[in-house]
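See structure below.
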Amino acid sequence: SATDNSLRFSSLLCSYIKKSFNNLGSVNEINAGIGGTGSRFGCSRLADNLLKSNPDIIVVEYAVNDYGTGDSTYIRSCMEGLVRQCLTYKIDVPVLMLFMSKGNGENVQALQSDVGKYYKIPMISFRDALKYLMPASEWETYPNTYLENDPHPNNNGHKLAAYLLFSYLKQVSNDSIRD
């Protein structure tokens, strides 16, 4: 529900990267997301819709769309199938997991994070970040502040997701420079 494609979290993330890492020759966005689809469908189309475009970083997000799609074993196995494909694509391409959320906080982050922990993948939680950013008295307004037609992020929600991802990348970059 971004009001313009340039305001989607993937577009904003690319914009932030371009501005901050000006030594990069180019930054191209590959948004392979299809609304309303889960990680099982993502598994079947990952190679053709994303990997053949040779991404330099992969962000996986199915925490809302996998909600209610099956039992915990099914949800974990679908995410694991997708993550394993990403990790075997190229050893030097980072994979990040992002966990968006419904307005009431529901998602399958707890199930999918088991996969992330097992494979030691960085995980960023939109829902958990909001708990730290907003006072409890404002939690009820969260859906209106960050979501449009719950569970779709509005411009504020996209901006927050992009900021969370970028902040992680910037921190990792700064840490590697110090090492």
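Numbering starts fresh at 1 for the residues of each chain in the structure tokens, the chains themselves are lettered A, B, ... in the order given, and ligands are numbered from 1 as they appear.
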- [ ] Go through range 18-179 of chain A and collect every residue that DSSP, computed from the backbone, puts in helix (DSSP H, G or I); the answer should be as a ChimeraX atom specification.
- [x] /A:18-20,39-49,51-53,72-89,109-119,126-133,136-146,155-178
Go ahead and save the residues from that selection, with C-alpha atoms, as a JSON list (two decimals), in the first residue's frame.
[["chain", "number", "residue", "atom", "x", "y", "z"],
["A", 18, "LYS", "CA", 23.03, 4.21, -3.15],
["A", 19, "LYS", "CA", 23.32, 7.33, -0.99],
["A", 20, "SER", "CA", 25.46, 5.76, 1.72],
["A", 39, "SER", "CA", 6.76, -19.16, 1.10],
["A", 40, "ARG", "CA", 5.64, -22.44, -0.51],
["A", 41, "PHE", "CA", 4.84, -20.56, -3.73],
["A", 42, "GLY", "CA", 8.02, -18.56, -3.24],
["A", 43, "CYS", "CA", 10.02, -21.81, -3.21],
["A", 44, "SER", "CA", 8.68, -22.81, -6.58],
["A", 45, "ARG", "CA", 9.42, -19.51, -8.30],
["A", 46, "LEU", "CA", 12.61, -18.37, -6.54],
["A", 47, "ALA", "CA", 15.05, -19.54, -9.23],
["A", 48, "ASP", "CA", 13.17, -17.95, -12.15],
["A", 49, "ASN", "CA", 11.90, -14.81, -10.44],
["A", 51, "LEU", "CA", 18.08, -15.93, -8.54],
["A", 52, "LYS", "CA", 18.45, -15.76, -12.33],
["A", 53, "SER", "CA", 18.77, -11.96, -11.92],
["A", 72, "SER", "CA", 4.02, -25.41, 12.33],
["A", 73, "THR", "CA", 5.93, -28.19, 10.55],
["A", 74, "TYR", "CA", 4.56, -27.13, 7.16],
["A", 75, "ILE", "CA", 5.33, -23.45, 7.75],
["A", 76, "ARG", "CA", 8.89, -24.18, 8.91],
["A", 77, "SER", "CA", 9.57, -26.61, 6.06],
["A", 78, "CYS", "CA", 8.37, -24.16, 3.40],
["A", 79, "MET", "CA", 10.57, -21.41, 4.82],
["A", 80, "GLU", "CA", 13.50, -23.79, 5.12],
["A", 81, "GLY", "CA", 13.13, -24.79, 1.47],
["A", 82, "LEU", "CA", 13.21, -21.18, 0.41],
["A", 83, "VAL", "CA", 16.12, -20.25, 2.68],
["A", 84, "ARG", "CA", 18.19, -23.26, 1.59],
["A", 85, "GLN", "CA", 17.77, -22.27, -2.05],
["A", 86, "CYS", "CA", 18.93, -18.75, -1.21],
["A", 87, "LEU", "CA", 21.93, -19.97, 0.77],
["A", 88, "THR", "CA", 23.09, -22.38, -1.92],
["A", 89, "TYR", "CA", 22.71, -19.77, -4.69],
["A", 109, "GLN", "CA", 7.91, -15.03, 13.20],
["A", 110, "ALA", "CA", 8.33, -17.57, 16.02],
["A", 111, "LEU", "CA", 8.19, -20.46, 13.55],
["A", 112, "GLN", "CA", 10.27, -18.89, 10.81],
["A", 113, "SER", "CA", 12.88, -17.60, 13.23],
["A", 114, "ASP", "CA", 13.65, -21.23, 14.09],
["A", 115, "VAL", "CA", 14.90, -21.57, 10.50],
["A", 116, "GLY", "CA", 16.83, -18.30, 10.73],
["A", 117, "LYS", "CA", 18.50, -19.35, 13.99],
["A", 118, "TYR", "CA", 19.44, -22.75, 12.60],
["A", 119, "TYR", "CA", 21.10, -21.23, 9.51],
["A", 126, "PHE", "CA", 9.09, -4.98, 12.13],
["A", 127, "ARG", "CA", 6.69, -5.95, 14.94],
["A", 128, "ASP", "CA", 9.36, -6.12, 17.64],
["A", 129, "ALA", "CA", 10.87, -2.80, 16.52],
["A", 130, "LEU", "CA", 7.51, -1.10, 16.94],
["A", 131, "LYS", "CA", 7.26, -2.35, 20.50],
["A", 132, "TYR", "CA", 10.48, -0.47, 21.28],
["A", 133, "LEU", "CA", 9.68, 2.60, 19.20],
["A", 136, "ALA", "CA", 2.37, 1.25, 25.06],
["A", 137, "SER", "CA", -0.31, 3.96, 25.00],
["A", 138, "GLU", "CA", 0.18, 4.32, 21.22],
["A", 139, "TRP", "CA", 0.25, 0.59, 20.44],
["A", 140, "GLU", "CA", -3.46, 0.60, 19.58],
["A", 141, "THR", "CA", -2.83, 3.23, 16.88],
["A", 142, "TYR", "CA", -0.01, 1.19, 15.33],
["A", 143, "PRO", "CA", -2.14, -0.26, 12.54],
["A", 144, "ASN", "CA", -3.23, 3.20, 11.43],
["A", 145, "THR", "CA", 0.26, 4.66, 11.76],
["A", 146, "TYR", "CA", 2.14, 1.94, 9.87],
["A", 155, "ASN", "CA", 4.34, 4.69, 3.42],
["A", 156, "ASN", "CA", 5.36, 4.90, 7.10],
["A", 157, "GLY", "CA", 5.48, 1.10, 7.38],
["A", 158, "HIS", "CA", 7.60, 0.76, 4.24],
["A", 159, "LYS", "CA", 9.94, 3.49, 5.47],
["A", 160, "LEU", "CA", 10.36, 1.76, 8.83],
["A", 161, "ALA", "CA", 11.04, -1.64, 7.22],
["A", 162, "ALA", "CA", 13.63, -0.10, 4.88],
["A", 163, "TYR", "CA", 15.24, 1.76, 7.78],
["A", 164, "LEU", "CA", 15.49, -1.41, 9.88],
["A", 165, "LEU", "CA", 17.12, -3.34, 7.02],
["A", 166, "PHE", "CA", 19.46, -0.49, 6.14],
["A", 167, "SER", "CA", 20.47, 0.07, 9.75],
["A", 168, "TYR", "CA", 21.48, -3.56, 10.00],
["A", 169, "LEU", "CA", 23.51, -3.40, 6.76],
["A", 170, "LYS", "CA", 25.18, -0.17, 7.83],
["A", 171, "GLN", "CA", 26.12, -1.66, 11.20],
["A", 172, "VAL", "CA", 27.57, -4.78, 9.57],
["A", 173, "SER", "CA", 29.51, -2.59, 7.15],
["A", 174, "ASN", "CA", 30.91, -0.45, 9.97],
["A", 175, "ASP", "CA", 31.83, -3.56, 11.98],
["A", 176, "SER", "CA", 33.70, -5.08, 9.03],
["A", 177, "ILE", "CA", 35.66, -1.85, 8.51],
["A", 178, "ARG", "CA", 36.77, -1.90, 12.16]]
Open item on the list: Using DSSP assignments from the backbone, pull out every residue in range 1-174 of chain A that falls under strand (DSSP E or B) and give it to me as a count of residues only.
Closed with: 15
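Taking CA of Asn107 in chain A as the reference point, CA of Thr37 in chain A is found at 14.1 Å.
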Task: Selection: 9 Å around Glu29 in chain A, only C-alpha atoms, excl. self and same-chain fewer than 6 positions, as a PyMOL selection string - done: chain A and resi 10-11+13-14+55
Write a file of the just-selected residues containing C-alpha atoms, as an mmCIF file, in the first residue's frame.
data_model
loop_
_atom_site.group_PDB
_atom_site.id
_atom_site.type_symbol
_atom_site.label_atom_id
_atom_site.label_comp_id
_atom_site.auth_asym_id
_atom_site.auth_seq_id
_atom_site.Cartn_x
_atom_site.Cartn_y
_atom_site.Cartn_z
ATOM 1 C CA SER A 10 12.714 -2.500 -1.292
ATOM 2 C CA SER A 11 12.976 0.722 -3.329
ATOM 3 C CA LEU A 13 16.430 0.298 0.837
ATOM 4 C CA CYS A 14 18.112 0.570 -2.571
ATOM 5 C CA PRO A 55 21.069 -10.572 -6.673
#
Open item on the list: I'd like the neighbourhood of Asn149 in chain A as a count of residues only, where a residue qualifies if any of its atoms comes within 10 Å (using only C-alpha atoms), though same-chain residues fewer than 6 positions away should be ignored.
Closed with: 4
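In this comparison, which uses only C-alpha atoms, the residue of A:Asp92, A:Glu106, A:Asp4, A:Glu148 approaching Asp66 in chain A most closely is A:Glu106.
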